[in-house]
Amino acid sequence: AEDGSVRRTVYLLAIVIALCPLFLVAQDFIGFDDFLRQYEAAPPDLRLALAQSFVKWQQARGGFPIRQSTGDVVFVYIGDGQEKDVRLTGDFRPTSFSNVYWDNVGEPMERTGTVFYRRRRFEPDARLDYKFLVDGKDRRDPLNPRTLVSGTGGGEVSELVMPGHSMSPITSPQDGGLRGVLRHLDEPWAQPRITIYLPPGYDPSGSYPTIYTAD
């Protein structure tokens with residue numbers, strides 16, 4: 001009887017040990033800094049699950065980048081361990097005072113494990129475009145569903161909308177709505193690059209009103 005009791009105790013202990021990782025990652029966070037503390041203290045084999053848990057938690061609380069009404073922003077990029085260098089660039093980093101095209105050097109992001117982050121402060125009502133430079137290659141923010149094509153940013157980028165910014169309803173994506181297409185003009189003289197928006201059902205033989213804008 002005593003041997004049976006010992007076996008049951010060992011069996012229950014094994015179950016508790018096996019479930020410990022689930023308890024460790026299924027938790028709330030106070031914020032990004034709290035997550036970062038937990039991530040740094042976690043064993044390497046639990047870090048990925050902890051990062052995934054934080055992403056899910058934050059997506060239910062405003063998403064990414066992490067924005068505050070004070071203007072403070074945390075840009076977050078979660079890698080797969082292969083990245084050597086991740087940087088941030090955007091509207092806030094023009095090449096020069098007289099050149100609005102983005103600086104392709106970017107700002108280096110801090111790194112802890114496979115989590116890269118960069119803190120910045122903007123006007124509380126700002127709306128900005130940005131992208132990551134991952135080992136020198138352009139990468140939109142995979143945690144942010146808001147994207148657009150930027151002439152000054154060199155293609156598809158991510159959009160940052162601060163809490164105080166008032167978005168026009170016509171700028172919000174509409175599910176099931178008709179969508180046009182963007183075409184780049186592939187001509188030697190088209191410098192800087194020219195992008196043309198063609199409406200849904202575009203007919204080359206037709207005549208359409210035209211608006212010219214500078215990005």
# chains A, B, ... in the order shown; residues from 1 in each chain; ligands from 1

$ residues_around --residues "Leu36 of chain A" --least-positions-apart "4" --cutoff "10 Å" --atoms "only C-alpha atoms" --output "list in words"
Phe29, Gly31, Phe32, Glu40, Ala41, Ala42, Leu50, Ala51, Phe54, Thr112 and Val115 of chain A

$ write_last_selection --atoms "N, CA and C atoms" --output "short mmCIF file (atom, residue, chain, number, x, y, z; two decimals), in the first residue's frame"
data_model
loop_
_atom_site.label_atom_id
_atom_site.label_comp_id
_atom_site.auth_asym_id
_atom_site.auth_seq_id
_atom_site.Cartn_x
_atom_site.Cartn_y
_atom_site.Cartn_z
N PHE A 29 0.33 40.54 -18.19
CA PHE A 29 1.51 41.39 -18.08
C PHE A 29 1.05 42.79 -17.68
N GLY A 31 2.81 45.41 -18.66
CA GLY A 31 3.17 46.20 -19.84
C GLY A 31 4.41 45.61 -20.48
N PHE A 32 4.99 46.36 -21.42
CA PHE A 32 6.15 45.85 -22.14
C PHE A 32 7.35 45.63 -21.22
N GLU A 40 13.63 38.07 -19.88
CA GLU A 40 15.06 37.97 -19.55
C GLU A 40 15.31 36.93 -18.47
N ALA A 41 14.35 36.75 -17.56
CA ALA A 41 14.52 35.80 -16.47
C ALA A 41 14.11 34.37 -16.84
N ALA A 42 13.41 34.22 -17.96
CA ALA A 42 12.89 32.90 -18.34
C ALA A 42 13.97 32.01 -18.93
N LEU A 50 6.64 32.57 -24.18
CA LEU A 50 6.37 33.79 -23.41
C LEU A 50 6.17 34.97 -24.36
N ALA A 51 7.00 35.07 -25.40
CA ALA A 51 6.85 36.15 -26.38
C ALA A 51 5.52 36.04 -27.11
N PHE A 54 2.80 37.24 -24.88
CA PHE A 54 2.76 38.70 -24.78
C PHE A 54 2.15 39.33 -26.03
N THR A 112 17.12 41.68 -26.89
CA THR A 112 17.15 40.71 -25.79
C THR A 112 16.66 39.39 -26.36
N VAL A 115 14.02 39.19 -29.27
CA VAL A 115 13.14 40.35 -29.20
C VAL A 115 13.96 41.63 -29.44
#

$ residues_around --residues "Val73 of chain A" --least-positions-apart "6" --cutoff "7 Å" --atoms "only C-alpha atoms" --output "PyMOL selection string"
chain A and resi 65-67+119-121

$ select_by_dssp --residues "segment 28-135 of chain A" --states "helix (DSSP H, G or I)" --output "ChimeraX atom specification"
/A:32-41,44-59

$ closest_residue --among "A:Glu110, A:Asp125, A:Asp203, A:Asp103" --to "Asp138 of chain A" --atoms "only C-alpha atoms"
A:Asp103

$ select_by_dssp --residues "segment 124-187 of chain A" --states "strand (DSSP E)" --output "JSON, numbers by chain"
{"A": [127, 128, 129, 130, 131, 132, 133, 134, 137, 138, 139, 147, 148, 149, 150, 155, 156, 157, 158, 159, 160, 161, 181, 182, 183, 184]}

$ residues_around --residues "Val55 of chain A" --least-positions-apart "5" --cutoff "12 Å" --atoms "only C-alpha atoms" --output "PyMOL selection string"
chain A and resi 25-29+31-32+35+48-50+60-66+76-78+115+142-144

$ atom_distance --atom1 "atom CA of Gly206 of chain A" --atom2 "atom CA of Pro188 of chain A"
25.9 Å

$ atom_distance --atom1 "atom CA of Leu198 of chain A" --atom2 "atom CA of Ser166 of chain A"
27.1 Å

$ closest_residue --among "A:Pro44, A:Gly153, A:Pro199, A:Pro124" --to "Leu178 of chain A" --atoms "only C-alpha atoms"
A:Pro199

$ residues_around --residues "Lys84 of chain A" --least-positions-apart "3" --cutoff "10 Å" --atoms "only C-alpha atoms" --output "PyMOL selection string"
chain A and resi 79+81+111+114+134-136

$ atom_distance --atom1 "atom CA of Tyr130 of chain A" --atom2 "atom CA of Leu160 of chain A"
7.3 Å

$ closest_residue --among "A:Phe75, A:Phe122, A:Asp129, A:Ala190" --to "Pro108 of chain A" --atoms "only C-alpha atoms"
A:Phe75

$ closest_residue --among "A:Ile170, A:Lys137, A:Val149, A:Gly113" --to "Pro43 of chain A" --atoms "only C-alpha atoms"
A:Gly113

$ decode --residues "segment 110-124 of chain A" --atoms "all heavy atoms" --output "JSON list (two decimals), in the first residue's frame"
[["chain", "number", "residue", "atom", "x", "y", "z"],
["A", 110, "GLU", "N", 17.37, 47.83, -29.77],
["A", 110, "GLU", "CA", 17.94, 47.05, -28.68],
["A", 110, "GLU", "C", 17.50, 45.60, -28.82],
["A", 110, "GLU", "O", 16.43, 45.32, -29.36],
["A", 110, "GLU", "CB", 17.52, 47.62, -27.33],
["A", 110, "GLU", "CG", 18.05, 49.02, -27.07],
["A", 110, "GLU", "CD", 17.70, 49.50, -25.68],
["A", 110, "GLU", "OE1", 18.13, 48.85, -24.71],
["A", 110, "GLU", "OE2", 16.97, 50.51, -25.56],
["A", 111, "ARG", "N", 18.30, 44.70, -28.27],
["A", 111, "ARG", "CA", 18.01, 43.28, -28.44],
["A", 111, "ARG", "C", 18.11, 42.53, -27.12],
["A", 111, "ARG", "O", 19.04, 42.71, -26.35],
["A", 111, "ARG", "CB", 18.97, 42.66, -29.45],
["A", 111, "ARG", "CG", 18.75, 41.16, -29.65],
["A", 111, "ARG", "CD", 19.67, 40.60, -30.71],
["A", 111, "ARG", "NE", 19.33, 39.21, -31.01],
["A", 111, "ARG", "CZ", 19.84, 38.51, -32.03],
["A", 111, "ARG", "NH1", 20.73, 39.08, -32.83],
["A", 111, "ARG", "NH2", 19.46, 37.26, -32.23],
["A", 112, "THR", "N", 17.12, 41.68, -26.89],
["A", 112, "THR", "CA", 17.15, 40.71, -25.79],
["A", 112, "THR", "C", 16.66, 39.39, -26.36],
["A", 112, "THR", "O", 15.50, 39.25, -26.72],
["A", 112, "THR", "CB", 16.25, 41.14, -24.62],
["A", 112, "THR", "OG1", 16.70, 42.39, -24.10],
["A", 112, "THR", "CG2", 16.28, 40.10, -23.51],
["A", 113, "GLY", "N", 17.54, 38.41, -26.48],
["A", 113, "GLY", "CA", 17.17, 37.15, -27.11],
["A", 113, "GLY", "C", 16.79, 37.39, -28.57],
["A", 113, "GLY", "O", 17.56, 37.94, -29.34],
["A", 114, "THR", "N", 15.57, 37.01, -28.93],
["A", 114, "THR", "CA", 15.09, 37.25, -30.29],
["A", 114, "THR", "C", 14.12, 38.43, -30.34],
["A", 114, "THR", "O", 13.46, 38.64, -31.37],
["A", 114, "THR", "CB", 14.38, 35.99, -30.84],
["A", 114, "THR", "OG1", 13.26, 35.68, -30.01],
["A", 114, "THR", "CG2", 15.34, 34.80, -30.88],
["A", 115, "VAL", "N", 14.02, 39.19, -29.27],
["A", 115, "VAL", "CA", 13.14, 40.35, -29.20],
["A", 115, "VAL", "C", 13.96, 41.63, -29.44],
["A", 115, "VAL", "O", 14.90, 41.91, -28.69],
["A", 115, "VAL", "CB", 12.42, 40.44, -27.84],
["A", 115, "VAL", "CG1", 11.57, 41.71, -27.77],
["A", 115, "VAL", "CG2", 11.54, 39.21, -27.63],
["A", 116, "PHE", "N", 13.59, 42.36, -30.48],
["A", 116, "PHE", "CA", 14.22, 43.64, -30.78],
["A", 116, "PHE", "C", 13.21, 44.75, -30.48],
["A", 116, "PHE", "O", 12.03, 44.61, -30.80],
["A", 116, "PHE", "CB", 14.63, 43.72, -32.26],
["A", 116, "PHE", "CG", 15.67, 42.71, -32.67],
["A", 116, "PHE", "CD1", 15.30, 41.40, -32.97],
["A", 116, "PHE", "CD2", 17.01, 43.07, -32.77],
["A", 116, "PHE", "CE1", 16.25, 40.46, -33.36],
["A", 116, "PHE", "CE2", 17.96, 42.13, -33.16],
["A", 116, "PHE", "CZ", 17.58, 40.84, -33.46],
["A", 117, "TYR", "N", 13.67, 45.85, -29.90],
["A", 117, "TYR", "CA", 12.74, 46.93, -29.59],
["A", 117, "TYR", "C", 13.44, 48.28, -29.65],
["A", 117, "TYR", "O", 14.66, 48.38, -29.49],
["A", 117, "TYR", "CB", 12.09, 46.72, -28.22],
["A", 117, "TYR", "CG", 13.06, 46.69, -27.05],
["A", 117, "TYR", "CD1", 13.30, 47.84, -26.29],
["A", 117, "TYR", "CD2", 13.74, 45.52, -26.72],
["A", 117, "TYR", "CE1", 14.19, 47.81, -25.23],
["A", 117, "TYR", "CE2", 14.63, 45.49, -25.66],
["A", 117, "TYR", "CZ", 14.85, 46.64, -24.92],
["A", 117, "TYR", "OH", 15.75, 46.62, -23.87],
["A", 118, "ARG", "N", 12.64, 49.30, -29.90],
["A", 118, "ARG", "CA", 13.14, 50.67, -29.98],
["A", 118, "ARG", "C", 12.10, 51.60, -29.39],
["A", 118, "ARG", "O", 10.92, 51.55, -29.76],
["A", 118, "ARG", "CB", 13.41, 51.06, -31.43],
["A", 118, "ARG", "CG", 13.90, 52.48, -31.63],
["A", 118, "ARG", "CD", 15.37, 52.61, -31.31],
["A", 118, "ARG", "NE", 15.85, 53.97, -31.49],
["A", 118, "ARG", "CZ", 17.10, 54.35, -31.28],
["A", 118, "ARG", "NH1", 18.01, 53.46, -30.90],
["A", 118, "ARG", "NH2", 17.48, 55.60, -31.45],
["A", 119, "ARG", "N", 12.52, 52.45, -28.45],
["A", 119, "ARG", "CA", 11.62, 53.40, -27.81],
["A", 119, "ARG", "C", 11.76, 54.76, -28.50],
["A", 119, "ARG", "O", 12.87, 55.20, -28.82],
["A", 119, "ARG", "CB", 11.94, 53.54, -26.33],
["A", 119, "ARG", "CG", 11.88, 52.24, -25.54],
["A", 119, "ARG", "CD", 12.28, 52.47, -24.10],
["A", 119, "ARG", "NE", 12.51, 51.23, -23.39],
["A", 119, "ARG", "CZ", 11.58, 50.53, -22.74],
["A", 119, "ARG", "NH1", 10.34, 51.01, -22.70],
["A", 119, "ARG", "NH2", 11.87, 49.41, -22.12],
["A", 120, "ARG", "N", 10.62, 55.40, -28.70],
["A", 120, "ARG", "CA", 10.60, 56.73, -29.32],
["A", 120, "ARG", "C", 9.43, 57.53, -28.77],
["A", 120, "ARG", "O", 8.53, 56.97, -28.15],
["A", 120, "ARG", "CB", 10.49, 56.64, -30.84],
["A", 120, "ARG", "CG", 11.84, 56.86, -31.54],
["A", 120, "ARG", "CD", 11.65, 57.00, -33.02],
["A", 120, "ARG", "NE", 12.77, 57.64, -33.67],
["A", 120, "ARG", "CZ", 12.90, 58.95, -33.83],
["A", 120, "ARG", "NH1", 11.99, 59.77, -33.36],
["A", 120, "ARG", "NH2", 13.95, 59.44, -34.48],
["A", 121, "ARG", "N", 9.47, 58.83, -29.00],
["A", 121, "ARG", "CA", 8.35, 59.69, -28.58],
["A", 121, "ARG", "C", 7.95, 60.58, -29.75],
["A", 121, "ARG", "O", 8.79, 61.19, -30.40],
["A", 121, "ARG", "CB", 8.74, 60.54, -27.37],
["A", 121, "ARG", "CG", 7.65, 61.55, -26.98],
["A", 121, "ARG", "CD", 7.94, 62.22, -25.67],
["A", 121, "ARG", "NE", 7.73, 61.31, -24.55],
["A", 121, "ARG", "CZ", 7.81, 61.68, -23.27],
["A", 121, "ARG", "NH1", 8.11, 62.92, -22.96],
["A", 121, "ARG", "NH2", 7.59, 60.80, -22.31],
["A", 122, "PHE", "N", 6.63, 60.62, -30.00],
["A", 122, "PHE", "CA", 6.07, 61.45, -31.07],
["A", 122, "PHE", "C", 4.96, 62.32, -30.50],
["A", 122, "PHE", "O", 4.56, 62.16, -29.35],
["A", 122, "PHE", "CB", 5.52, 60.58, -32.19],
["A", 122, "PHE", "CG", 6.53, 59.66, -32.82],
["A", 122, "PHE", "CD1", 6.49, 58.29, -32.59],
["A", 122, "PHE", "CD2", 7.53, 60.16, -33.64],
["A", 122, "PHE", "CE1", 7.42, 57.44, -33.17],
["A", 122, "PHE", "CE2", 8.47, 59.32, -34.22],
["A", 122, "PHE", "CZ", 8.42, 57.96, -33.99],
["A", 123, "GLU", "N", 4.46, 63.22, -31.34],
["A", 123, "GLU", "CA", 3.29, 64.00, -30.94],
["A", 123, "GLU", "C", 2.12, 63.04, -30.69],
["A", 123, "GLU", "O", 1.93, 62.08, -31.44],
["A", 123, "GLU", "CB", 2.91, 65.00, -32.03],
["A", 123, "GLU", "CG", 3.95, 66.10, -32.24],
["A", 123, "GLU", "CD", 4.08, 67.00, -31.03],
["A", 123, "GLU", "OE1", 3.06, 67.21, -30.33],
["A", 123, "GLU", "OE2", 5.20, 67.47, -30.76],
["A", 124, "PRO", "N", 1.35, 63.27, -29.63],
["A", 124, "PRO", "CA", 0.25, 62.34, -29.29],
["A", 124, "PRO", "C", -0.79, 62.16, -30.39],
["A", 124, "PRO", "O", -1.53, 61.18, -30.38],
["A", 124, "PRO", "CB", -0.38, 62.97, -28.04],
["A", 124, "PRO", "CG", 0.73, 63.80, -27.44],
["A", 124, "PRO", "CD", 1.50, 64.33, -28.62]]
